[in-house]
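J.: Structure in structure tokens, see below.
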Amino acid sequence: MTDLLKLSSRYIDEGIYEGPGSVNRINGQLSEVGDGIAMVEAFSHVVAFRSEAGLVLFDTSLEAFAGVVLGALRGWCGDPVSTIAYTHGHVDHVGGAGAIVAEALEKGRARPRVIGHENVAPRFARYRLTEGYNAAINARQFGGSPGKGGGVIQMGATDRFGPKEWIAPDTEFRERMGFASGALRFELFHARGETDDHLWAWLPQKKALIVGDFLTWVFPNAGNPQKVQRYPLDWAAALRQMAALEPELLLPAHGLPIAGKARIARVLDDVASALETICQQTLAMMNNGMKLNAIVHNVKVPDELLARPYLKPVYDEPEFIVRNVWRLYGGWYDGNPANLKPAADPVFAAEIAALAGGADALARRAQELSGAGEHRLACHLAELAAEAAPESRSVHGARAEVYQARIKAETSLMARGIYGDAARTSRDKAGRNSEG
Ligand SMILES: [Zn+2]
């Protein structure tokens with residue numbers, strides 16, 4: 001059993017960062033983090049409380065991890081699961097519920113109660129509408145494994161999005177709800193943040209917070225380019241509300257648990273401040289009439305915040321959050337009139353290629369720029385070249401190189417996933433055409 005609280009204290013107090021896998025450990029191991037409180041580190045974690053009335057679990061991890069998670073839990077405590085609370089309806093938090101419910105029924109025990117915000121069920125309905133899209137973007141985002149960076153458990157096939165069976169909450173709430181299990185009393189609060197169906201919980205007897213994805217030991221996932229709206233200002237407000245309770249134990253669904261009033265206050269303040277400054281800067285620039293592209297290039301998060309071991313932009317990143325703020329408070333029009341009703345991509349690319357002396361000239365210039373570290377410009381030209389000459393082996397060879405170089409220059413899994421997909425596509429096309 002690892003002393004997770006000692007580990008997080010060292011990282012926070014000394015500002016040490018040893019890579020994503022050191023703080024987001026996906027090893028299926030259970031660690032006690034308090035009297036009758038345990039955490040199974042997975043994707044997501046499962047936070048467990050022992051009470052006279054049975055186990056209370058926050059989140060259930062992915063379906064693929066459910067067996068490992070249950071095994072770890074049962075090594076700690078054989079009591080029935082009385083309650084499952086979803087911090088939100090993302091697949092890595094609800095996917096394991098089926099296995100936990102099945103275990104209870106197999107043993108002839110009562111079916112665990114499942115608590116969630118009222119927007120969880122509509123989320124599941126939306127997933128049914130967008131099954132193919134979600135399977136594709138998750139394959140692109142995670143490349144088949146969320147365990148990247150030190151994890152030891154690999155995700156299963158990514159052709160199906162979500163578990164075999166989605167277990168919807170049987171107990172829903174809108175703003176606040178309390179529940180007891182034995183002598184333990186939990187207070188649930190809804191707030192928007194990463195999602196519109198998120199809750200966080202407060203356990204007054206232990207001065208413990210269960211925060212779900214409000215704190216994940218990476219820069220907040222408030223900008224995800226391939227997913228629906230996120231709510232960074234609401235997110236920051238929730239963190240401030242949590243801090244006002246003066247918690248002494250913080251239990252996240254990803255990353256390390258944290259102990260100590262001052263330490264938790266500092267972390268909550270830092271993450272809230274990072275989100276607030278992005279929103280404030282973006283809104284000020286919107287109000288001044290700036291275009292989205294200019295705002296994206298001008299909003300800055302202070303370096304000292306980005307250096308914190310719990311704010312590294314290795315998953316999502318600030319630039320993407322700027323876009324989400326624009327989408328939330330503005331519209332999809334980016335302020336560039338040419339983009340309001342654009343030409344078709346291949347038509348525009350053919351025109352630019354003709355001006356430049358051909359698609360190969362564009363591709364060559366893309367490679368030069370890439371070699372000089374001008375990755376943003378290089379990608380524009382590589383895209384124009386590929387749009388202008390979609391069957392060209394040499395153009396796709398160059399495009400693959402440009403994106404391969406870009407991946408190395410990027411910090412976030414989300415950017416690397418998308419660029420990796422582009423590199424792979426062009427490598428395939430270059431290879432296929434060379435055979436034919
Ligand atoms: Zn999550």
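Residues are referred to by chain and number: the chain letter is A, B, ... according to the order shown in the structure tokens, the number counts from 1 in that chain, and ligands are numbered separately from 1 in the order shown.
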Write down as a PDB file with N, CA and C atoms, in the first residue's frame the residues belonging to range 42-122 of chain A that are assigned strand (DSSP E) by DSSP computed on the backbone.
T.:
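Written file, selection.pdb:
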```
ATOM      1  N   VAL A  46     -11.534   4.892  -7.885  1.00  0.00           N
ATOM      2  CA  VAL A  46     -12.747   4.673  -7.103  1.00  0.00           C
ATOM      3  C   VAL A  46     -12.419   5.067  -5.665  1.00  0.00           C
ATOM      4  N   VAL A  47     -13.231   5.954  -5.091  1.00  0.00           N
ATOM      5  CA  VAL A  47     -13.041   6.385  -3.706  1.00  0.00           C
ATOM      6  C   VAL A  47     -14.086   5.657  -2.862  1.00  0.00           C
ATOM      7  N   ALA A  48     -13.632   4.946  -1.831  1.00  0.00           N
ATOM      8  CA  ALA A  48     -14.523   4.073  -1.059  1.00  0.00           C
ATOM      9  C   ALA A  48     -14.546   4.464   0.414  1.00  0.00           C
ATOM     10  N   PHE A  49     -15.749   4.418   0.993  1.00  0.00           N
ATOM     11  CA  PHE A  49     -15.941   4.685   2.423  1.00  0.00           C
ATOM     12  C   PHE A  49     -16.610   3.475   3.049  1.00  0.00           C
ATOM     13  N   ARG A  50     -16.060   3.038   4.192  1.00  0.00           N
ATOM     14  CA  ARG A  50     -16.646   1.918   4.913  1.00  0.00           C
ATOM     15  C   ARG A  50     -17.600   2.470   5.964  1.00  0.00           C
ATOM     16  N   SER A  51     -18.827   1.933   5.989  1.00  0.00           N
ATOM     17  CA  SER A  51     -19.777   2.353   7.023  1.00  0.00           C
ATOM     18  C   SER A  51     -20.512   1.116   7.532  1.00  0.00           C
ATOM     19  N   GLY A  54     -22.669  -0.504   4.966  1.00  0.00           N
ATOM     20  CA  GLY A  54     -22.072  -0.975   3.716  1.00  0.00           C
ATOM     21  C   GLY A  54     -21.107   0.046   3.126  1.00  0.00           C
ATOM     22  N   LEU A  55     -20.559  -0.304   1.965  1.00  0.00           N
ATOM     23  CA  LEU A  55     -19.577   0.561   1.305  1.00  0.00           C
ATOM     24  C   LEU A  55     -20.280   1.634   0.480  1.00  0.00           C
ATOM     25  N   VAL A  56     -19.732   2.829   0.544  1.00  0.00           N
ATOM     26  CA  VAL A  56     -20.157   3.908  -0.339  1.00  0.00           C
ATOM     27  C   VAL A  56     -19.015   4.163  -1.318  1.00  0.00           C
ATOM     28  N   LEU A  57     -19.333   4.073  -2.606  1.00  0.00           N
ATOM     29  CA  LEU A  57     -18.301   4.269  -3.636  1.00  0.00           C
ATOM     30  C   LEU A  57     -18.589   5.527  -4.438  1.00  0.00           C
ATOM     31  N   PHE A  58     -17.555   6.336  -4.644  1.00  0.00           N
ATOM     32  CA  PHE A  58     -17.657   7.437  -5.586  1.00  0.00           C
ATOM     33  C   PHE A  58     -16.915   7.013  -6.845  1.00  0.00           C
ATOM     34  N   VAL A  81     -21.818  -3.326  -1.187  1.00  0.00           N
ATOM     35  CA  VAL A  81     -21.828  -1.931  -1.644  1.00  0.00           C
ATOM     36  C   VAL A  81     -23.252  -1.421  -1.484  1.00  0.00           C
ATOM     37  N   SER A  82     -23.443  -0.403  -0.644  1.00  0.00           N
ATOM     38  CA  SER A  82     -24.794   0.123  -0.446  1.00  0.00           C
ATOM     39  C   SER A  82     -25.106   1.217  -1.459  1.00  0.00           C
ATOM     40  N   THR A  83     -24.091   2.012  -1.789  1.00  0.00           N
ATOM     41  CA  THR A  83     -24.330   3.202  -2.610  1.00  0.00           C
ATOM     42  C   THR A  83     -23.172   3.424  -3.573  1.00  0.00           C
ATOM     43  N   ILE A  84     -23.534   3.735  -4.812  1.00  0.00           N
ATOM     44  CA  ILE A  84     -22.573   4.224  -5.802  1.00  0.00           C
ATOM     45  C   ILE A  84     -22.996   5.650  -6.126  1.00  0.00           C
ATOM     46  N   ALA A  85     -22.059   6.592  -6.029  1.00  0.00           N
ATOM     47  CA  ALA A  85     -22.352   7.963  -6.467  1.00  0.00           C
ATOM     48  C   ALA A  85     -21.440   8.280  -7.639  1.00  0.00           C
ATOM     49  N   ARG A 113     -27.720   1.346  -4.455  1.00  0.00           N
ATOM     50  CA  ARG A 113     -28.362   2.561  -4.953  1.00  0.00           C
ATOM     51  C   ARG A 113     -27.348   3.333  -5.786  1.00  0.00           C
ATOM     52  N   VAL A 114     -27.786   3.931  -6.903  1.00  0.00           N
ATOM     53  CA  VAL A 114     -26.875   4.700  -7.762  1.00  0.00           C
ATOM     54  C   VAL A 114     -27.352   6.153  -7.793  1.00  0.00           C
ATOM     55  N   ILE A 115     -26.515   7.041  -7.277  1.00  0.00           N
ATOM     56  CA  ILE A 115     -26.864   8.457  -7.181  1.00  0.00           C
ATOM     57  C   ILE A 115     -26.113   9.249  -8.247  1.00  0.00           C
ATOM     58  N   GLY A 116     -26.801  10.172  -8.880  1.00  0.00           N
ATOM     59  CA  GLY A 116     -26.134  11.039  -9.856  1.00  0.00           C
ATOM     60  C   GLY A 116     -26.942  12.295 -10.100  1.00  0.00           C
ATOM     61  N   HIS A 117     -26.303  13.257 -10.736  1.00  0.00           N
ATOM     62  CA  HIS A 117     -27.014  14.481 -11.092  1.00  0.00           C
ATOM     63  C   HIS A 117     -28.054  14.192 -12.178  1.00  0.00           C
TER      64      HIS A 117
END
```
J.: What are the DSSP alpha helix (DSSP H) residues of range 133-360 of chain A, as an NGL selection string?
T.: :A and (133-142 or 232-244 or 261-287 or 292-298 or 303-306 or 318-329 or 345-356 or 359-360)
J.: Throw together the list of residues within 6 Å of ligand 1, counting only C-alpha atoms and all ligand atoms, and drop it here as number ranges by chain.
T.: A: 44, 92, 213
J.: Could you write those residues out with N, CA and C atoms, as a PDB file, in the first residue's frame?
T.:
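Contents of the output file result_13.pdb:
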```
ATOM      1  N   SER A  44     -11.309   5.977 -14.119  1.00  0.00           N
ATOM      2  CA  SER A  44     -10.952   6.858 -13.023  1.00  0.00           C
ATOM      3  C   SER A  44     -10.645   6.048 -11.761  1.00  0.00           C
ATOM      4  N   ASP A  92     -15.395   6.857 -18.009  1.00  0.00           N
ATOM      5  CA  ASP A  92     -14.389   6.314 -17.087  1.00  0.00           C
ATOM      6  C   ASP A  92     -14.851   6.407 -15.630  1.00  0.00           C
ATOM      7  N   ASP A 213     -13.737  15.193 -11.068  1.00  0.00           N
ATOM      8  CA  ASP A 213     -12.761  15.762 -11.997  1.00  0.00           C
ATOM      9  C   ASP A 213     -12.565  17.267 -11.807  1.00  0.00           C
TER      10      ASP A 213
END
```
J.: Between A:Gly162, A:Leu268, A:Tyr86, A:Pro247, which residue has the minimum interatomic distance to Leu199 in chain A, considering only C-alpha atoms?
T.: A:Tyr86
J.: At a cut-off of 8 Å, using only C-alpha atoms, what residues contact Ala104 in chain A? Leave out same-chain residues fewer than 5 positions from it and give the result as a count of residues only.
T.: 6
J.: Using only C-alpha atoms for the distances, tell me which of A:Thr60, A:Thr425, A:Thr216, A:Gln280 is nearest to Val101 in chain A.
T.: A:Thr60
J.: Let me make sure I understand: among A:Ala222, A:Thr282, A:Gly36, A:Glu304, which one has the smallest atom-to-atom distance to Gly15 in chain A if we use only C-alpha atoms?
T.: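 For Gly15 in chain A, the nearest of the given residues is A:Glu304.
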